[in-house]
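A short worksheet on the structure shown next.
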Amino acid sequence: MLSNRIAYLASPPRLVPLQAACSAMLGVMGSVGALVFTISMIAVLLFTKNLYPLDEWRLSRSTATAQATVNKVIGISVEENDKQVYEYRFTFRTLDEKIVSGRSYSAGQVWSEGEQVRVWYLPDKPTVARLENTRLSMLPLWAMLVMIIFPIQGSIMFILACISGVKQVLLLVYGEVTGARTLSQQRTSTRVNGQPVIKYTYEFHTKEGMIYTGSSRSLSTGRIGDEANEPVLYLPSNPKVSMLVDSLPLKLPLEVDGAGQWASTENFWPIFWFALAGASVAISLLLGGARVLGKF
């Protein structure tokens with residue numbers, strides 16, 4: 001027998017409260033992923049301000065060259081492999097007789113003030129130029145590759161949480177409900193705020209009498225295992241896709257109203273956090289893309 005709060009659930013499709021949908025789409029892992037991604041992306045944007053990977057690549061393919069005069073050499077407070085990084089400010093004349101100023105960098109001093117040095121530049125954008133044996137970026141490109149590891153990790157957590165959330169929302173809308181017998185619970189290596197995420201394995205019967213097993217992950221809230229038959233949702237078209245109703249990342253359990261529809265007593269915070277997390281990730285992606293393209 002299912003608990004009364006689930007027994008009278010209407011047949012699919014059902015309406016899902018926006019708070020529950022946002023909580024499912026984001027979840028604890030999605031929130032952590034969005035936070036990690038946003039903070040680490042801000043750090044990347046701040047510490048890689050003088051990295052221009054796209055312009056570096058375009059310069060490596062450019063054949064436009066000229067003779068430049070080194071006007072100033074500055075030793076900056078950046079080191080690479082125990083060598084001080086130097087900034088060279090220079091001027092040169094393009095083929096169409098335009099005088100252009102530029103700057104480039106090297107680890108260890110290569111040129112001195114007043115020297116005549118070969119320079120590569122982009123014909124369509126001559127201000128993008130570098131002296132021979134120097135680079136356009138203050139730091140080597142591998143510095144960016146190291147730093148973007150953290151935004152990548154955060155984005156993976158966020159994306160996986162959203163994919164899992166879509167599955168959970170689909171189950172709430174289209175899933176058939178039945179009772180499940182909990183088979184086991186096992187701590188995973190994942191922790192959220194110091195609490196381990198628990199993997200619950202369960203067994204249930206479909207309406208056709210077939211037996212299936214499934215698993216859900218959740219923090220230990222005390223709501224799973226408190227009933228003889230835990231409510232579970234599964235897709236009739238593919239019963240291998242299922243979830244324990246109480247594994248949803250909600251502070252308060254879902255109820256069923258008088259019309260058999262899902263009802264939530266959650267406040268507006270899940271909606272706010274989902275919008276904030278989505279906006280933070282989107283803005284960070286746009287700024288990161290603009291940085292790569294040299295527009296920011």
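All residue names refer to the structure tokens as shown: chains lettered A, B, ... in order, residues numbered from 1 in each chain, ligands numbered from 1 in order.
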
* To do: Excluding Leu35 (chain A) and residues on its chain fewer than 3 positions from it, collect all residues at most 9 Å away from it, counting only C-alpha atoms, and give them as a VMD selection string.
  => chain A and resid 30 to 32 38 to 40 154 277 280 to 281

Go ahead and write the residues just picked, N, CA, C and O atoms, as a PDB file, in the first residue's frame.
ATOM      1  N   GLY A  30      23.845  20.733  -8.640  1.00  0.00           N
ATOM      2  CA  GLY A  30      23.774  21.803  -9.630  1.00  0.00           C
ATOM      3  C   GLY A  30      24.103  23.150  -9.029  1.00  0.00           C
ATOM      4  O   GLY A  30      24.765  23.981  -9.653  1.00  0.00           O
ATOM      5  N   SER A  31      23.640  23.375  -7.795  1.00  0.00           N
ATOM      6  CA  SER A  31      23.949  24.630  -7.110  1.00  0.00           C
ATOM      7  C   SER A  31      25.447  24.766  -6.878  1.00  0.00           C
ATOM      8  O   SER A  31      26.037  25.823  -7.116  1.00  0.00           O
ATOM      9  N   VAL A  32      26.055  23.674  -6.393  1.00  0.00           N
ATOM     10  CA  VAL A  32      27.502  23.691  -6.153  1.00  0.00           C
ATOM     11  C   VAL A  32      28.253  23.891  -7.471  1.00  0.00           C
ATOM     12  O   VAL A  32      29.203  24.681  -7.551  1.00  0.00           O
ATOM     13  N   THR A  38      30.948  29.767 -11.631  1.00  0.00           N
ATOM     14  CA  THR A  38      30.914  31.229 -11.649  1.00  0.00           C
ATOM     15  C   THR A  38      32.145  31.827 -10.982  1.00  0.00           C
ATOM     16  O   THR A  38      32.795  32.726 -11.535  1.00  0.00           O
ATOM     17  N   ILE A  39      32.490  31.338  -9.788  1.00  0.00           N
ATOM     18  CA  ILE A  39      33.635  31.891  -9.057  1.00  0.00           C
ATOM     19  C   ILE A  39      34.932  31.644  -9.818  1.00  0.00           C
ATOM     20  O   ILE A  39      35.771  32.540  -9.969  1.00  0.00           O
ATOM     21  N   SER A  40      35.112  30.413 -10.314  1.00  0.00           N
ATOM     22  CA  SER A  40      36.360  30.101 -11.027  1.00  0.00           C
ATOM     23  C   SER A  40      36.434  30.830 -12.362  1.00  0.00           C
ATOM     24  O   SER A  40      37.516  31.237 -12.793  1.00  0.00           O
ATOM     25  N   GLY A 154      33.070  22.678 -12.737  1.00  0.00           N
ATOM     26  CA  GLY A 154      31.804  23.254 -12.301  1.00  0.00           C
ATOM     27  C   GLY A 154      30.714  23.104 -13.348  1.00  0.00           C
ATOM     28  O   GLY A 154      29.563  22.793 -13.026  1.00  0.00           O
ATOM     29  N   ALA A 277      21.348  30.935 -10.566  1.00  0.00           N
ATOM     30  CA  ALA A 277      22.400  30.025 -11.040  1.00  0.00           C
ATOM     31  C   ALA A 277      22.472  30.014 -12.558  1.00  0.00           C
ATOM     32  O   ALA A 277      23.556  30.080 -13.150  1.00  0.00           O
ATOM     33  N   SER A 280      23.955  33.309 -13.772  1.00  0.00           N
ATOM     34  CA  SER A 280      25.393  33.385 -13.483  1.00  0.00           C
ATOM     35  C   SER A 280      26.192  32.566 -14.480  1.00  0.00           C
ATOM     36  O   SER A 280      27.221  33.013 -15.001  1.00  0.00           O
ATOM     37  N   VAL A 281      25.727  31.345 -14.750  1.00  0.00           N
ATOM     38  CA  VAL A 281      26.421  30.487 -15.712  1.00  0.00           C
ATOM     39  C   VAL A 281      26.390  31.106 -17.107  1.00  0.00           C
ATOM     40  O   VAL A 281      27.399  31.140 -17.819  1.00  0.00           O
TER      41      VAL A 281
END

* Distance query region 245-247 of chain A at most 10 Å, only C-alpha atoms, self and fewer than 6 positions along chain excluded, as a PyMOL selection string -> chain A and resi 6+24+168+171-172+177+198-200+215-225+230-233+253-254

Dump as a PDB file, in the first residue's frame, selection limited to N, CA and C atoms:
ATOM      1  N   ILE A   6       0.289   9.865  -1.818  1.00  0.00           N
ATOM      2  CA  ILE A   6       0.655   9.456  -3.174  1.00  0.00           C
ATOM      3  C   ILE A   6      -0.421   8.590  -3.813  1.00  0.00           C
ATOM      4  N   ALA A  24      14.355  20.330  -8.776  1.00  0.00           N
ATOM      5  CA  ALA A  24      14.824  19.132  -9.472  1.00  0.00           C
ATOM      6  C   ALA A  24      15.874  19.465 -10.523  1.00  0.00           C
ATOM      7  N   GLN A 168      13.935  13.817 -13.856  1.00  0.00           N
ATOM      8  CA  GLN A 168      13.045  13.827 -12.699  1.00  0.00           C
ATOM      9  C   GLN A 168      11.735  14.549 -13.004  1.00  0.00           C
ATOM     10  N   LEU A 171       9.548  12.361 -15.083  1.00  0.00           N
ATOM     11  CA  LEU A 171       8.926  11.318 -14.273  1.00  0.00           C
ATOM     12  C   LEU A 171       7.750  11.881 -13.480  1.00  0.00           C
ATOM     13  N   LEU A 172       7.883  13.086 -12.966  1.00  0.00           N
ATOM     14  CA  LEU A 172       6.777  13.705 -12.243  1.00  0.00           C
ATOM     15  C   LEU A 172       5.575  13.933 -13.152  1.00  0.00           C
ATOM     16  N   VAL A 177       3.092   5.624 -10.827  1.00  0.00           N
ATOM     17  CA  VAL A 177       3.500   5.512  -9.438  1.00  0.00           C
ATOM     18  C   VAL A 177       3.225   4.112  -8.909  1.00  0.00           C
ATOM     19  N   ILE A 198      23.848   9.590  -0.416  1.00  0.00           N
ATOM     20  CA  ILE A 198      23.527   8.176  -0.275  1.00  0.00           C
ATOM     21  C   ILE A 198      22.920   7.641  -1.579  1.00  0.00           C
ATOM     22  N   LYS A 199      23.375   6.468  -1.988  1.00  0.00           N
ATOM     23  CA  LYS A 199      22.786   5.786  -3.140  1.00  0.00           C
ATOM     24  C   LYS A 199      21.814   4.729  -2.628  1.00  0.00           C
ATOM     25  N   TYR A 200      20.536   4.892  -2.961  1.00  0.00           N
ATOM     26  CA  TYR A 200      19.495   3.961  -2.540  1.00  0.00           C
ATOM     27  C   TYR A 200      19.144   3.043  -3.707  1.00  0.00           C
ATOM     28  N   SER A 215      17.840   2.900  -8.879  1.00  0.00           N
ATOM     29  CA  SER A 215      18.623   3.546  -7.822  1.00  0.00           C
ATOM     30  C   SER A 215      18.407   5.054  -7.883  1.00  0.00           C
ATOM     31  N   SER A 216      18.448   5.681  -6.733  1.00  0.00           N
ATOM     32  CA  SER A 216      18.352   7.132  -6.615  1.00  0.00           C
ATOM     33  C   SER A 216      19.399   7.601  -5.630  1.00  0.00           C
ATOM     34  N   ARG A 217      19.883   8.828  -5.834  1.00  0.00           N
ATOM     35  CA  ARG A 217      20.877   9.411  -4.934  1.00  0.00           C
ATOM     36  C   ARG A 217      20.262  10.601  -4.223  1.00  0.00           C
ATOM     37  N   SER A 218      20.541  10.697  -2.940  1.00  0.00           N
ATOM     38  CA  SER A 218      19.976  11.767  -2.149  1.00  0.00           C
ATOM     39  C   SER A 218      20.776  11.922  -0.871  1.00  0.00           C
ATOM     40  N   LEU A 219      20.711  13.126  -0.288  1.00  0.00           N
ATOM     41  CA  LEU A 219      21.234  13.299   1.062  1.00  0.00           C
ATOM     42  C   LEU A 219      20.325  12.563   2.039  1.00  0.00           C
ATOM     43  N   SER A 220      20.848  12.173   3.151  1.00  0.00           N
ATOM     44  CA  SER A 220      20.066  11.458   4.149  1.00  0.00           C
ATOM     45  C   SER A 220      19.123  12.436   4.841  1.00  0.00           C
ATOM     46  N   THR A 221      17.835  12.363   4.474  1.00  0.00           N
ATOM     47  CA  THR A 221      16.837  13.275   5.035  1.00  0.00           C
ATOM     48  C   THR A 221      15.899  12.585   6.008  1.00  0.00           C
ATOM     49  N   GLY A 222      15.966  11.263   6.058  1.00  0.00           N
ATOM     50  CA  GLY A 222      15.061  10.511   6.923  1.00  0.00           C
ATOM     51  C   GLY A 222      13.742  10.180   6.263  1.00  0.00           C
ATOM     52  N   ARG A 223      13.513  10.695   5.042  1.00  0.00           N
ATOM     53  CA  ARG A 223      12.235  10.433   4.371  1.00  0.00           C
ATOM     54  C   ARG A 223      12.265   9.132   3.583  1.00  0.00           C
ATOM     55  N   ILE A 224      13.441   8.659   3.215  1.00  0.00           N
ATOM     56  CA  ILE A 224      13.553   7.391   2.493  1.00  0.00           C
ATOM     57  C   ILE A 224      13.796   6.287   3.510  1.00  0.00           C
ATOM     58  N   GLY A 225      12.907   5.287   3.476  1.00  0.00           N
ATOM     59  CA  GLY A 225      13.027   4.178   4.423  1.00  0.00           C
ATOM     60  C   GLY A 225      12.052   4.281   5.575  1.00  0.00           C
ATOM     61  N   GLU A 230       8.114   2.512  -0.406  1.00  0.00           N
ATOM     62  CA  GLU A 230       8.508   3.865  -0.795  1.00  0.00           C
ATOM     63  C   GLU A 230       7.899   4.204  -2.151  1.00  0.00           C
ATOM     64  N   PRO A 231       7.251   5.359  -2.288  1.00  0.00           N
ATOM     65  CA  PRO A 231       6.679   5.732  -3.585  1.00  0.00           C
ATOM     66  C   PRO A 231       7.770   5.925  -4.633  1.00  0.00           C
ATOM     67  N   VAL A 232       7.577   5.291  -5.768  1.00  0.00           N
ATOM     68  CA  VAL A 232       8.539   5.376  -6.863  1.00  0.00           C
ATOM     69  C   VAL A 232       7.780   5.691  -8.147  1.00  0.00           C
ATOM     70  N   LEU A 233       8.405   6.472  -9.009  1.00  0.00           N
ATOM     71  CA  LEU A 233       7.860   6.782 -10.322  1.00  0.00           C
ATOM     72  C   LEU A 233       8.708   6.117 -11.388  1.00  0.00           C
ATOM     73  N   PRO A 253       8.563  17.437   1.508  1.00  0.00           N
ATOM     74  CA  PRO A 253       8.125  16.426   0.532  1.00  0.00           C
ATOM     75  C   PRO A 253       6.952  16.897  -0.310  1.00  0.00           C
ATOM     76  N   LEU A 254       6.866  16.378  -1.520  1.00  0.00           N
ATOM     77  CA  LEU A 254       5.733  16.677  -2.384  1.00  0.00           C
ATOM     78  C   LEU A 254       4.473  16.023  -1.830  1.00  0.00           C
TER      79      LEU A 254
END

* region 68-270 of chain A: which residues are helix (DSSP H, G or I) by DSSP, as a VMD selection string? -> chain A and resid 141 to 147 149 to 174 245 to 247 269 to 270

Contacts of Glu97 (chain A) at 12 Å (only C-alpha atoms; same-chain gap of 4+ positions) as a compact mmCIF listing (two decimals) with N, CA, C and O atoms, in the first residue's frame:
# COMPACT_ATOMS: atom_id res chain seq x y z
N ALA A 66 56.84 43.41 -40.83
CA ALA A 66 57.43 44.73 -41.02
C ALA A 66 58.60 44.86 -40.04
O ALA A 66 58.84 43.97 -39.23
N PHE A 92 55.65 50.42 -35.63
CA PHE A 92 56.06 49.98 -36.96
C PHE A 92 55.15 50.61 -38.00
O PHE A 92 54.09 51.15 -37.67
N ARG A 93 55.56 50.51 -39.24
CA ARG A 93 54.82 51.08 -40.35
C ARG A 93 54.29 49.94 -41.22
O ARG A 93 55.05 49.05 -41.63
N PRO A 126 46.00 45.73 -37.62
CA PRO A 126 47.45 45.87 -37.37
C PRO A 126 47.83 46.06 -35.91
O PRO A 126 48.98 45.81 -35.53

* Find the residues near Met138 (chain A): any atom within 10 Å, counting only C-alpha atoms, skip ones fewer than 2 places away on the same chain, and give them as a list in words. =>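 Counting only C-alpha atoms, the residues come to Thr48, Lys49, Asn50, Leu51, Tyr52, Ile76, Val78, Val85, Tyr86, Glu87, Arg103, Ser104, Tyr105, Ser106, Ala107, Thr134, Arg135, Leu136, Pro140 and Leu141 of chain A.
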
* Structure fact -> In terms of only C-alpha atoms, the residue from A:Ala263, A:Leu26, A:Val173, A:Ile148 at minimal distance from Tyr234 (chain A) is A:Val173

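Compared by their closest atoms to Gly27 (chain A), and using only C-alpha atoms, the residues A:Gly179, A:Gly278, A:Gly165, A:Gly209 rank with A:Gly165 nearest.
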
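The smallest atom-to-atom distance between Asp257 (chain A) and any of A:Ala10, A:Val146, A:Gly114, A:Ala161, using only C-alpha atoms, is found for A:Ala10.
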
* Asked: By how many Å are CA of Ser77 (chain A) and CA of Val44 (chain A) apart?
  ->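 Computing it gives 18.5 Å between the two atoms.
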
* If you run DSSP on this backbone, which residues of region 60-277 of chain A come out as strand (DSSP E), and could you give them as a PyMOL selection string? -> chain A and resi 65-80+83-93+99-107+116-122+125-131+176-192+195-205+211-219+230-235+238-244+255-256+262-263

* Asked: Which residues come within 10 Å of Leu235 (chain A), counting only C-alpha atoms, excluding same-chain residues fewer than 2 positions away, as a list in words?
  ->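 Everything that qualifies: Lys167, Leu170, Leu171, Leu172, Val173, Tyr174, Gly175, Glu176, Val177, Thr206, Leu233, Ser237, Asn238, Pro239, Lys240, Val241, Ser242 and Met243 of chain A.
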
Take the residues that were just selected and, keeping N, CA, C and O atoms, output them as a PDB file, in the first residue's frame.
ATOM      1  N   LYS A 167      15.149  14.503 -16.287  1.00  0.00           N
ATOM      2  CA  LYS A 167      14.597  13.157 -16.107  1.00  0.00           C
ATOM      3  C   LYS A 167      13.603  13.136 -14.951  1.00  0.00           C
ATOM      4  O   LYS A 167      12.518  12.552 -15.052  1.00  0.00           O
ATOM      5  N   LEU A 170      10.344  14.872 -15.967  1.00  0.00           N
ATOM      6  CA  LEU A 170       9.580  14.005 -16.874  1.00  0.00           C
ATOM      7  C   LEU A 170       8.870  12.899 -16.107  1.00  0.00           C
ATOM      8  O   LEU A 170       7.727  12.547 -16.412  1.00  0.00           O
ATOM      9  N   LEU A 171       9.548  12.361 -15.083  1.00  0.00           N
ATOM     10  CA  LEU A 171       8.926  11.318 -14.273  1.00  0.00           C
ATOM     11  C   LEU A 171       7.750  11.881 -13.480  1.00  0.00           C
ATOM     12  O   LEU A 171       6.722  11.209 -13.322  1.00  0.00           O
ATOM     13  N   LEU A 172       7.883  13.086 -12.966  1.00  0.00           N
ATOM     14  CA  LEU A 172       6.777  13.705 -12.243  1.00  0.00           C
ATOM     15  C   LEU A 172       5.575  13.933 -13.152  1.00  0.00           C
ATOM     16  O   LEU A 172       4.424  13.798 -12.736  1.00  0.00           O
ATOM     17  N   VAL A 173       5.837  14.259 -14.410  1.00  0.00           N
ATOM     18  CA  VAL A 173       4.748  14.546 -15.353  1.00  0.00           C
ATOM     19  C   VAL A 173       4.145  13.263 -15.904  1.00  0.00           C
ATOM     20  O   VAL A 173       2.915  13.094 -15.921  1.00  0.00           O
ATOM     21  N   TYR A 174       4.994  12.335 -16.354  1.00  0.00           N
ATOM     22  CA  TYR A 174       4.510  11.174 -17.107  1.00  0.00           C
ATOM     23  C   TYR A 174       4.666   9.837 -16.379  1.00  0.00           C
ATOM     24  O   TYR A 174       4.185   8.812 -16.862  1.00  0.00           O
ATOM     25  N   GLY A 175       5.324   9.833 -15.246  1.00  0.00           N
ATOM     26  CA  GLY A 175       5.622   8.571 -14.592  1.00  0.00           C
ATOM     27  C   GLY A 175       4.412   7.899 -13.963  1.00  0.00           C
ATOM     28  O   GLY A 175       3.476   8.556 -13.509  1.00  0.00           O
ATOM     29  N   GLU A 176       4.461   6.560 -13.953  1.00  0.00           N
ATOM     30  CA  GLU A 176       3.480   5.774 -13.208  1.00  0.00           C
ATOM     31  C   GLU A 176       4.002   5.610 -11.787  1.00  0.00           C
ATOM     32  O   GLU A 176       5.200   5.454 -11.567  1.00  0.00           O
ATOM     33  N   VAL A 177       3.092   5.624 -10.827  1.00  0.00           N
ATOM     34  CA  VAL A 177       3.500   5.512  -9.438  1.00  0.00           C
ATOM     35  C   VAL A 177       3.225   4.112  -8.909  1.00  0.00           C
ATOM     36  O   VAL A 177       2.225   3.484  -9.250  1.00  0.00           O
ATOM     37  N   THR A 206       5.891  -3.257 -11.842  1.00  0.00           N
ATOM     38  CA  THR A 206       5.108  -2.427 -12.755  1.00  0.00           C
ATOM     39  C   THR A 206       3.654  -2.891 -12.748  1.00  0.00           C
ATOM     40  O   THR A 206       3.312  -3.919 -12.139  1.00  0.00           O
ATOM     41  N   LEU A 233       8.405   6.472  -9.009  1.00  0.00           N
ATOM     42  CA  LEU A 233       7.860   6.782 -10.322  1.00  0.00           C
ATOM     43  C   LEU A 233       8.708   6.117 -11.388  1.00  0.00           C
ATOM     44  O   LEU A 233       9.939   6.121 -11.300  1.00  0.00           O
ATOM     45  N   SER A 237       6.998   3.448 -20.711  1.00  0.00           N
ATOM     46  CA  SER A 237       7.674   3.055 -21.951  1.00  0.00           C
ATOM     47  C   SER A 237       9.060   2.479 -21.702  1.00  0.00           C
ATOM     48  O   SER A 237       9.611   1.768 -22.543  1.00  0.00           O
ATOM     49  N   ASN A 238       9.640   2.796 -20.545  1.00  0.00           N
ATOM     50  CA  ASN A 238      10.969   2.301 -20.190  1.00  0.00           C
ATOM     51  C   ASN A 238      11.097   2.277 -18.666  1.00  0.00           C
ATOM     52  O   ASN A 238      11.620   3.208 -18.066  1.00  0.00           O
ATOM     53  N   PRO A 239      10.620   1.216 -18.025  1.00  0.00           N
ATOM     54  CA  PRO A 239      10.639   1.150 -16.559  1.00  0.00           C
ATOM     55  C   PRO A 239      12.034   1.196 -15.944  1.00  0.00           C
ATOM     56  O   PRO A 239      12.157   1.350 -14.722  1.00  0.00           O
ATOM     57  N   LYS A 240      13.064   1.066 -16.761  1.00  0.00           N
ATOM     58  CA  LYS A 240      14.415   1.195 -16.218  1.00  0.00           C
ATOM     59  C   LYS A 240      14.703   2.631 -15.769  1.00  0.00           C
ATOM     60  O   LYS A 240      15.626   2.871 -15.011  1.00  0.00           O
ATOM     61  N   VAL A 241      13.889   3.571 -16.283  1.00  0.00           N
ATOM     62  CA  VAL A 241      14.005   4.963 -15.869  1.00  0.00           C
ATOM     63  C   VAL A 241      13.026   5.186 -14.723  1.00  0.00           C
ATOM     64  O   VAL A 241      11.805   5.159 -14.925  1.00  0.00           O
ATOM     65  N   SER A 242      13.552   5.376 -13.528  1.00  0.00           N
ATOM     66  CA  SER A 242      12.694   5.510 -12.356  1.00  0.00           C
ATOM     67  C   SER A 242      13.389   6.369 -11.308  1.00  0.00           C
ATOM     68  O   SER A 242      14.582   6.668 -11.423  1.00  0.00           O
ATOM     69  N   MET A 243      12.633   6.719 -10.274  1.00  0.00           N
ATOM     70  CA  MET A 243      13.222   7.450  -9.145  1.00  0.00           C
ATOM     71  C   MET A 243      12.314   7.340  -7.934  1.00  0.00           C
ATOM     72  O   MET A 243      11.084   7.198  -8.060  1.00  0.00           O
TER      73      MET A 243
END
